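Shown here: run01.cif, mmCIF, C-alpha atoms and all ligand atoms.
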```cif
data_data
#
loop_
_atom_site.label_atom_id
_atom_site.label_comp_id
_atom_site.auth_asym_id
_atom_site.auth_seq_id
_atom_site.Cartn_x
_atom_site.Cartn_y
_atom_site.Cartn_z
CA MET A 1 53.61 201.15 51.35
CA LYS A 2 53.44 201.81 55.09
CA ILE A 3 55.70 198.80 55.79
CA LYS A 4 58.25 200.08 53.22
CA LEU A 5 58.30 203.44 54.97
CA ILE A 6 58.78 201.81 58.38
CA LEU A 7 61.61 199.61 57.04
CA LYS A 8 63.26 202.65 55.43
CA SER A 9 63.07 204.57 58.74
CA ILE A 10 64.58 201.62 60.63
CA LEU A 11 67.42 201.44 58.09
CA VAL A 12 68.14 205.18 58.49
CA ILE A 13 68.15 204.85 62.31
CA VAL A 14 70.52 201.85 62.15
CA LEU A 15 72.86 203.72 59.81
CA ILE A 16 72.93 206.79 62.04
CA ALA A 17 73.55 204.61 65.10
CA ALA A 18 76.45 202.91 63.32
CA MET A 19 77.95 206.31 62.49
CA ILE A 20 77.82 207.43 66.11
CA PRO A 21 79.48 204.65 68.06
CA TYR A 22 79.23 205.08 71.82
CA GLY A 23 77.24 208.29 71.30
CA PHE A 24 80.09 210.35 69.80
CA SER A 25 78.97 213.25 67.66
CA GLN A 26 81.74 212.63 65.14
CA ASP A 27 84.29 215.12 63.93
CA LYS A 28 86.60 212.93 61.84
CA ASN A 29 89.60 215.15 62.67
CA LEU A 30 89.26 214.59 66.42
CA LYS A 31 90.04 211.56 68.60
CA ASN A 32 87.21 209.75 70.38
CA ILE A 33 87.59 209.90 74.15
CA VAL A 34 85.31 208.24 76.71
CA ILE A 35 85.12 209.79 80.18
CA LEU A 36 84.26 207.25 82.87
CA ALA A 37 83.09 209.05 86.01
CA THR A 38 83.41 207.53 89.47
CA GLY A 39 82.78 210.52 91.78
CA GLY A 40 85.23 212.26 94.11
CA THR A 41 85.67 215.91 95.01
CA ILE A 42 85.72 216.85 91.33
CA ALA A 43 82.03 215.89 91.45
CA GLY A 44 81.63 217.33 94.97
CA PHE A 45 79.06 219.87 96.09
CA ALA A 46 78.93 222.43 98.92
CA GLU A 47 76.32 225.06 99.82
CA SER A 48 78.91 227.85 99.63
CA GLY A 49 82.03 228.47 97.55
CA THR A 50 84.31 229.01 100.54
CA GLN A 51 83.40 226.30 103.05
CA ALA A 52 85.76 223.42 103.88
CA GLY A 53 82.95 220.85 104.24
CA TYR A 54 81.34 219.31 101.16
CA THR A 55 80.01 215.99 99.89
CA SER A 56 82.00 214.05 97.28
CA GLY A 57 80.37 212.37 94.29
CA GLN A 58 77.25 214.51 93.82
CA VAL A 59 77.53 215.93 90.30
CA GLY A 60 76.90 213.77 87.21
CA ILE A 61 79.31 213.36 84.30
CA GLN A 62 77.33 215.46 81.79
CA THR A 63 77.24 218.45 84.17
CA MET A 64 81.01 218.10 84.65
CA ILE A 65 81.68 218.03 80.90
CA ASP A 66 79.37 221.02 80.35
CA ALA A 67 81.35 222.99 82.96
CA VAL A 68 84.55 222.86 80.88
CA PRO A 69 84.67 225.50 78.14
CA GLY A 70 86.38 224.34 74.95
CA ILE A 71 86.61 220.67 75.92
CA LYS A 72 84.58 219.58 72.91
CA LYS A 73 87.17 221.15 70.60
CA LEU A 74 89.81 218.75 71.99
CA ALA A 75 88.03 215.49 71.17
CA ASN A 76 84.73 213.79 70.42
CA ILE A 77 83.65 213.13 73.99
CA THR A 78 81.14 210.80 75.51
CA GLY A 79 80.60 210.16 79.22
CA GLU A 80 79.55 207.18 81.32
CA GLN A 81 78.81 207.13 85.03
CA ILE A 82 80.49 204.03 86.48
CA ALA A 83 79.98 205.06 90.14
CA ASN A 84 79.53 208.28 92.10
CA VAL A 85 81.37 207.91 95.39
CA GLY A 86 84.05 209.59 97.45
CA SER A 87 87.11 207.50 96.69
CA GLN A 88 87.38 206.48 100.36
CA ASP A 89 84.49 204.21 99.28
CA MET A 90 86.18 202.92 96.13
CA SER A 91 85.92 199.13 95.98
CA VAL A 92 87.31 196.11 94.19
CA GLU A 93 83.85 195.69 92.67
CA VAL A 94 84.10 199.12 90.98
CA TRP A 95 87.74 198.41 89.99
CA LEU A 96 86.70 195.26 88.15
CA LYS A 97 83.80 197.06 86.48
CA LEU A 98 86.13 199.87 85.39
CA ALA A 99 88.86 197.54 84.12
CA ASN A 100 86.44 195.42 82.12
CA ARG A 101 84.72 198.45 80.61
CA ILE A 102 88.04 200.08 79.68
CA ASN A 103 89.32 196.88 78.05
CA GLU A 104 86.04 196.51 76.16
CA LEU A 105 86.10 200.13 74.92
CA LEU A 106 89.78 200.20 73.98
CA ALA A 107 89.49 196.94 72.02
CA THR A 108 87.37 198.77 69.43
CA ASP A 109 88.66 201.12 66.72
CA ASP A 110 86.03 203.66 67.78
CA VAL A 111 87.70 204.66 71.06
CA ASP A 112 91.13 206.30 71.14
CA GLY A 113 91.54 206.99 74.84
CA ILE A 114 89.94 206.97 78.28
CA VAL A 115 89.67 209.58 81.04
CA ILE A 116 88.52 208.52 84.50
CA THR A 117 87.31 211.08 87.00
CA HIS A 118 88.07 209.88 90.52
CA GLY A 119 88.47 211.10 94.09
CA THR A 120 92.05 211.85 95.04
CA ASP A 121 92.19 209.78 98.26
CA THR A 122 92.65 206.41 96.55
CA GLN A 123 93.33 207.58 93.00
CA GLU A 124 96.91 206.31 93.03
CA GLU A 125 95.65 202.80 93.86
CA THR A 126 92.99 202.74 91.14
CA ALA A 127 95.47 204.16 88.61
CA TYR A 128 98.10 201.57 89.56
CA PHE A 129 95.56 198.73 89.47
CA LEU A 130 94.50 199.77 85.96
CA ASN A 131 98.17 200.16 84.98
CA LEU A 132 98.50 196.44 85.72
CA VAL A 133 95.33 195.12 84.09
CA VAL A 134 94.43 197.33 81.11
CA LYS A 135 95.34 195.50 77.91
CA SER A 136 96.03 198.36 75.51
CA ASP A 137 98.67 200.95 74.66
CA LYS A 138 96.00 203.62 74.11
CA PRO A 139 96.11 206.46 76.67
CA VAL A 140 94.28 205.98 79.97
CA VAL A 141 94.25 209.03 82.24
CA THR A 142 92.77 209.54 85.68
CA THR A 143 92.00 212.97 87.09
CA GLY A 144 90.19 214.61 89.98
CA SER A 145 90.34 217.75 92.05
CA MET A 146 91.03 218.90 95.58
CA ARG A 147 88.28 221.54 95.55
CA PRO A 148 84.62 220.67 94.99
CA SER A 149 82.87 221.84 91.84
CA THR A 150 81.11 224.60 93.80
CA ALA A 151 84.31 226.10 95.35
CA VAL A 152 85.85 229.45 94.54
CA SER A 153 88.70 228.59 92.11
CA ALA A 154 87.58 224.98 91.67
CA GLU A 155 90.40 223.36 89.68
CA GLY A 156 88.38 220.37 88.44
CA PRO A 157 87.37 221.86 85.07
CA LEU A 158 90.98 222.65 84.02
CA ASN A 159 92.14 219.24 85.28
CA LEU A 160 89.44 217.56 83.18
CA TYR A 161 90.37 219.70 80.16
CA ASN A 162 94.04 218.74 80.50
CA ALA A 163 93.20 215.07 81.11
CA VAL A 164 91.20 214.94 77.86
CA ALA A 165 94.02 216.76 76.04
CA VAL A 166 96.52 214.13 77.24
CA ALA A 167 94.21 211.22 76.39
CA ALA A 168 93.61 212.61 72.89
CA ASN A 169 97.27 213.28 72.08
CA PRO A 170 99.08 210.61 70.00
CA LYS A 171 102.25 211.29 72.03
CA SER A 172 100.55 209.75 75.09
CA LYS A 173 100.35 206.24 73.60
CA GLY A 174 102.35 203.58 75.44
CA HIS A 175 102.80 205.61 78.64
CA GLY A 176 100.67 203.32 80.81
CA VAL A 177 98.01 204.79 83.07
CA MET A 178 98.63 208.43 83.99
CA ILE A 179 97.34 210.80 86.66
CA VAL A 180 96.84 214.31 85.25
CA MET A 181 96.26 217.04 87.83
CA ASN A 182 97.59 220.52 88.50
CA ASP A 183 99.24 220.83 85.04
CA GLN A 184 101.31 217.69 85.72
CA ILE A 185 101.42 214.23 84.18
CA HIS A 186 102.40 211.46 86.61
CA SER A 187 102.95 207.78 85.98
CA ALA A 188 100.50 205.60 87.94
CA GLN A 189 103.44 203.49 89.10
CA ALA A 190 105.35 206.41 90.64
CA VAL A 191 102.71 208.80 91.94
CA THR A 192 101.35 209.27 95.45
CA LYS A 193 99.06 211.72 97.26
CA THR A 194 101.20 213.88 99.56
CA ASN A 195 98.94 216.61 100.93
CA THR A 196 95.46 216.41 102.46
CA THR A 197 94.14 219.72 101.05
CA SER A 198 96.57 221.38 98.60
CA VAL A 199 95.91 221.34 94.84
CA GLU A 200 99.58 220.33 94.47
CA THR A 201 99.00 217.00 96.18
CA PHE A 202 100.23 214.42 93.67
CA LYS A 203 103.97 213.88 93.52
CA SER A 204 106.25 211.18 92.17
CA PRO A 205 108.90 211.48 94.86
CA MET A 206 111.33 208.83 93.60
CA GLN A 207 111.09 209.41 89.86
CA GLY A 208 109.72 212.91 89.27
CA LEU A 209 107.12 214.08 86.78
CA MET A 210 106.51 212.10 83.62
CA GLY A 211 105.36 215.24 81.80
CA ALA A 212 103.52 218.55 81.94
CA VAL A 213 100.33 219.84 80.36
CA ILE A 214 99.51 223.54 80.21
CA TYR A 215 96.07 224.45 78.85
CA GLY A 216 96.13 221.30 76.75
CA GLN A 217 99.70 221.68 75.40
CA LEU A 218 101.81 218.79 76.62
CA GLU A 219 105.31 217.48 76.81
CA PHE A 220 106.67 214.15 78.09
CA TYR A 221 110.02 214.11 79.87
CA ARG A 222 110.29 210.34 80.27
CA THR A 223 108.56 207.00 79.79
CA PRO A 224 107.13 205.03 82.73
CA HIS A 225 109.31 202.78 84.87
CA GLY A 226 108.37 199.10 85.07
CA LEU A 227 106.09 196.95 82.96
CA HIS A 228 102.53 198.19 82.47
CA THR A 229 99.23 197.79 80.58
CA TYR A 230 99.84 195.91 77.30
CA GLU A 231 103.14 194.48 78.67
CA SER A 232 101.65 193.29 81.97
CA GLU A 233 101.09 189.61 82.79
CA PHE A 234 98.08 190.39 85.00
CA SER A 235 94.49 190.01 83.85
CA VAL A 236 91.15 190.32 85.60
CA LYS A 237 89.16 188.75 82.79
CA GLY A 238 86.44 186.68 84.45
CA VAL A 239 87.69 187.60 87.94
CA LYS A 240 84.88 188.26 90.43
CA GLU A 241 86.88 189.27 93.49
CA LEU A 242 90.47 189.78 94.64
CA PRO A 243 92.13 187.98 97.57
CA ARG A 244 92.12 189.91 100.84
CA VAL A 245 95.41 191.68 101.61
CA ASP A 246 95.73 193.81 104.77
CA ILE A 247 98.16 196.61 105.55
CA ILE A 248 99.61 196.73 109.06
CA TYR A 249 101.26 199.98 110.11
CA GLY A 250 104.55 199.81 112.00
CA GLY A 251 105.63 201.83 115.03
CA VAL A 252 107.04 201.61 118.53
CA ASP A 253 105.85 198.43 120.26
CA MET A 254 104.06 197.36 117.09
CA PRO A 255 101.39 194.85 118.19
CA ALA A 256 102.31 191.53 116.57
CA ASP A 257 98.89 190.03 117.23
CA LEU A 258 97.45 192.23 114.45
CA ILE A 259 99.19 189.89 112.00
CA ASP A 260 97.48 186.84 113.53
CA LEU A 261 94.11 188.67 113.67
CA SER A 262 94.39 189.64 110.03
CA ILE A 263 94.98 186.05 108.99
CA LYS A 264 92.10 184.88 111.16
CA ALA A 265 89.86 187.43 109.39
CA GLY A 266 90.75 185.88 106.01
CA ALA A 267 93.82 187.76 104.73
CA LYS A 268 95.87 185.79 102.20
CA GLY A 269 98.57 188.42 102.15
CA ILE A 270 99.88 191.08 104.51
CA VAL A 271 101.76 194.27 103.73
CA ILE A 272 103.78 195.73 106.57
CA ALA A 273 104.10 199.53 106.35
CA GLY A 274 107.26 199.10 108.36
CA VAL A 275 109.54 201.63 110.00
CA GLY A 276 112.62 202.75 108.07
CA ASN A 277 113.79 200.22 105.49
CA GLY A 278 110.64 198.11 105.97
CA ASN A 279 111.58 197.06 109.49
CA MET A 280 109.38 195.64 112.26
CA ASN A 281 110.02 194.58 115.83
CA ALA A 282 111.11 191.06 116.84
CA ALA A 283 107.60 189.97 117.84
CA SER A 284 106.17 191.02 114.46
CA LEU A 285 109.05 189.32 112.63
CA ALA A 286 108.25 186.10 114.48
CA ALA A 287 104.54 186.45 113.61
CA SER A 288 105.49 187.12 109.96
CA LYS A 289 107.68 184.01 109.87
CA LYS A 290 104.82 181.93 111.25
CA ALA A 291 102.40 183.48 108.72
CA ALA A 292 104.78 182.71 105.84
CA ALA A 293 105.12 179.11 107.02
CA ASN A 294 101.31 178.88 106.75
CA GLY A 295 101.28 180.13 103.15
CA ILE A 296 100.46 183.78 103.85
CA VAL A 297 102.58 186.14 101.76
CA VAL A 298 104.15 188.94 103.79
CA VAL A 299 105.50 191.99 101.96
CA ARG A 300 107.72 194.50 103.73
CA SER A 301 106.99 198.04 102.59
CA THR A 302 107.57 201.23 104.58
CA ARG A 303 105.78 204.11 106.24
CA VAL A 304 108.62 206.40 105.07
CA PRO A 305 107.51 208.54 102.09
CA THR A 306 110.61 207.98 99.92
CA GLY A 307 113.29 205.36 99.38
CA TYR A 308 113.56 201.68 98.57
CA VAL A 309 112.86 198.71 100.79
CA LEU A 310 115.90 196.54 100.15
CA ARG A 311 115.90 192.76 100.26
CA ASN A 312 118.09 191.21 102.98
CA ALA A 313 119.27 194.60 104.28
CA GLU A 314 118.38 195.01 107.97
CA CYS A 315 115.86 192.20 107.72
CA ASN A 316 116.91 188.81 106.39
CA ASP A 317 114.08 188.11 103.93
CA ASP A 318 115.61 184.73 103.06
CA GLU A 319 115.25 183.65 106.68
CA TYR A 320 111.79 185.12 107.29
CA ASN A 321 110.37 184.27 103.83
CA THR A 322 109.28 187.86 103.33
CA ILE A 323 109.16 189.96 100.16
CA ALA A 324 110.82 193.38 99.90
CA SER A 325 108.53 195.95 98.24
CA ASP A 326 111.43 197.70 96.46
CA GLU A 327 109.99 201.11 95.47
CA LEU A 328 106.29 200.50 96.10
CA ASN A 329 104.55 202.19 99.01
CA ALA A 330 102.27 200.09 101.20
CA GLN A 331 99.01 200.90 99.37
CA LYS A 332 100.49 200.02 95.96
CA SER A 333 102.21 196.93 97.36
CA ARG A 334 98.75 195.84 98.48
CA VAL A 335 97.32 196.24 94.95
CA LEU A 336 100.20 194.30 93.37
CA LEU A 337 100.00 191.53 95.97
CA MET A 338 96.21 191.17 95.50
CA LEU A 339 96.84 190.54 91.80
CA CYS A 340 99.82 188.23 92.47
CA LEU A 341 97.64 186.07 94.70
CA LEU A 342 95.11 185.38 91.94
CA LYS A 343 97.46 182.57 90.93
CA ASP A 344 99.79 180.15 92.74
CA ARG A 345 103.22 181.77 92.61
CA SER A 346 106.47 181.01 94.42
CA LEU A 347 107.96 183.64 96.74
CA ASP A 348 110.82 184.01 94.24
CA ASP A 349 108.35 184.83 91.48
CA ILE A 350 106.52 187.33 93.68
CA GLN A 351 109.81 189.03 94.59
CA LYS A 352 110.68 189.29 90.87
CA ILE A 353 107.26 190.80 90.21
CA PHE A 354 107.91 193.46 92.86
CA TYR A 355 111.15 194.35 91.03
CA THR A 356 109.40 194.41 87.64
CA TYR A 357 106.18 196.38 88.15
N1 LIG B 401 87.63 212.29 99.76
C1 LIG B 401 87.70 212.77 98.41
C2 LIG B 401 87.78 211.57 97.49
O1 LIG B 401 88.78 210.95 97.40
C3 LIG B 401 88.85 213.67 98.24
C4 LIG B 401 89.08 214.15 96.82
O2 LIG B 401 88.53 213.75 95.85
O3 LIG B 401 89.95 215.06 96.69
O4 LIG B 401 86.85 211.27 96.86
#
```

With the file now loaded, output its structure as structure tokens.
Amino acid sequence: MKIKLILKSILVIVLIAAMIPYGFSQDKNLKNIVILATGGTIAGFAESGTQAGYTSGQVGIQTMIDAVPGIKKLANITGEQIANVGSQDMSVEVWLKLANRINELLATDDVDGIVITHGTDTQEETAYFLNLVVKSDKPVVTTGSMRPSTAVSAEGPLNLYNAVAVAANPKSKGHGVMIVMNDQIHSAQAVTKTNTTSVETFKSPMQGLMGAVIYGQLEFYRTPHGLHTYESEFSVKGVKELPRVDIIYGGVDMPADLIDLSIKAGAKGIVIAGVGNGNMNAASLAASKKAAANGIVVVRSTRVPTGYVLRNAECNDDEYNTIASDELNAQKSRVLLMLCLLKDRSLDDIQKIFYTY
């Protein structure tokens, strides 16, 4: 009799567990969204609401969700804490953990979209990385804030609300990874941080906004440029680390020995944040040529905020065996090159990849 009762109880528990996958309290009319928290200013804390100093990555995901009125009417929401760091401390280790978890969640019918809370400093890199390695057309949105959760007029709660609204909207499918902040929807491929403190920091200077979201109501103006997510050839399945790629910043009398030092320290690729159209001085060009001859891939990007880096324009890439970054800034060129170097690829193939993603 007792055993029957125990078995019955176990059966009821198993059934309930099966009805609440990933901890969703199910409303059949709503989409299931998982929020993966990584820290940042959106989870930041300060002693007063008006001080400039604060510590990133202090508040847990449940507290952040509870701080957003009405968010549970947008979707069935569940949260997971993947990390809790300022995004200056974001790492390849966390990227791989995030990518694998997202791919695992989106492969099931129980999850309709993902929101990632993230510091703004390196958010464009994480978003672009995920844009290249997530294997799904379901919406993936990153968000954050410029003001800590304790600030007067903290904008994190509305950003999180809008991010969930975008992730839960069927219109968002197939748009690759998006950054949603300040009522705007940006494509991970096009977006960059442009201001150190303003809430209007994310811009897509070459392509413009992908869409807008006002208190959860959204509109898309365009689709993303370049291949992404389910169309991408890149995968980090089983990958434990990414090859080292360094960025070297150009300027007057640019020290060419930084290129040699980088290679000595283990870099397999180098991105030059060059002057103008991805230019560098003669000494650095010579060091690049030598690096390329030794199998190191050198990408010419630029320190200029807008514009293309054109192949064989002022610099003869054919002669120096360098790659032109096209539209990608130095930090995104670094992400793409790290993924390119997971496999043996010719310089021609890598150049094509820079035109395609
Ligand atoms: N340093 C912070 C971070 O990236 C800045 C922010 O989130 O706005 O985590």

Let me see if you get this right: every residue at most 7 Å from ligand LIG 401 (chain B), counting all atoms listed in the file, written as a VMD selection string.
chain A and resid 39 to 42 56 85 to 88 118 to 122 144 to 147

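Computed from the coordinates, the atom CA of Asn312 of chain A to atom CA of Ala324 of chain A distance equals 8.2 Å.
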
Box for segment 117-133 of chain A - axis-aligned, 8 Å on each of the six sides, all listed atoms - centre and size in Å to one decimal, as lines of an AutoDock Vina configuration file.
```
center_x = 92.9
center_y = 203.5
center_z = 91.2
size_x = 27.2
size_y = 32.7
size_z = 30.2
```

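In terms of minimum interatomic distance to Gly53 of chain A, A:Pro148 ranks closest within A:Pro170, A:Pro148, A:Gly208, A:Gly79, counting all atoms listed in the file.
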
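Residues lying within 12 Å of segment 313-316 of chain A, counting all atoms listed in the file and ignoring same-chain neighbours fewer than 5 positions away, are Gly274, Val275, Gly276, Asn277, Gly278, Asn279, Met280, Asn281, Ala282, Ser284, Leu285, Ala286, Ser288, Lys289, Val299, Arg300, Ser301, Tyr308, Asn321, Thr322, Ile323, Ala324 and Asp326 of chain A.
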
Counting all atoms listed in the file, what is within 7 Å of Tyr161 of chain A, bar same-chain residues fewer than 4 positions away, as a PyMOL selection string?
chain A and resi 68+71+157+165+216

Just the selected residues (C-alpha atoms), exported as a compact mmCIF listing (two decimals), in the coordinates of the input, please.
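Final output, saved to out32.txt:
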```txt
# COMPACT_ATOMS: atom_id res chain seq x y z
CA VAL A 68 84.55 222.86 80.88
CA ILE A 71 86.61 220.67 75.92
CA PRO A 157 87.37 221.86 85.07
CA ALA A 165 94.02 216.76 76.04
CA GLY A 216 96.13 221.30 76.75
```

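Atom pair atom CA of Gly44 of chain A / atom CA of Ala127 of chain A has a distance of 20.1 Å (rounded to one decimal).
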
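Restricting the calculation to only C-alpha atoms, the smallest distance between Lys268 of chain A and any of A:Leu342, A:Asp317, A:Val252, A:Ser232 is found for A:Leu342.
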
Could you give me, as a VMD selection string, the residues that sit within 10 Å of (98.0, 198.7, 90.3) in the file's coordinates, counting all atoms listed in the file?
chain A and resid 124 to 134 177 188 to 189 228 to 229 234 331 to 339 357

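The coordinates place atom CA of Ser235 of chain A at 28.1 Å from atom CA of Pro205 of chain A.
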
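Residue nearest Leu36 of chain A, chosen from A:Ile270, A:Ile61, A:Leu158, A:Leu328 and counting only C-alpha atoms: A:Ile61.
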
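Distance check against Ala168 of chain A using only C-alpha atoms: of A:Asp112, A:Asp349, A:Asp137, A:Glu200, the minimum falls on A:Asp112.
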
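Distance check against Gly113 of chain A using all atoms listed in the file: of A:Ile35, A:Arg244, A:Val59, A:Met206, the minimum falls on A:Ile35.
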
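In this comparison, which uses all atoms listed in the file, the residue of A:Ser325, A:Thr150, A:Ser136, A:Thr302 approaching Gly174 of chain A most closely is A:Ser136.
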
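Point (82.2, 210.6, 81.5) has the following residues at most 10 Å away: A:Ile33, A:Val34, A:Ile35, A:Leu36, A:Ala37, A:Thr38, A:Gly60, A:Ile61, A:Gln62, A:Thr63, A:Met64, A:Ile65, A:Ile77, A:Thr78, A:Gly79, A:Glu80, A:Gln81, A:Ile82, A:Ile114, A:Val115, A:Ile116, A:Thr117 (atoms considered: all atoms listed in the file).
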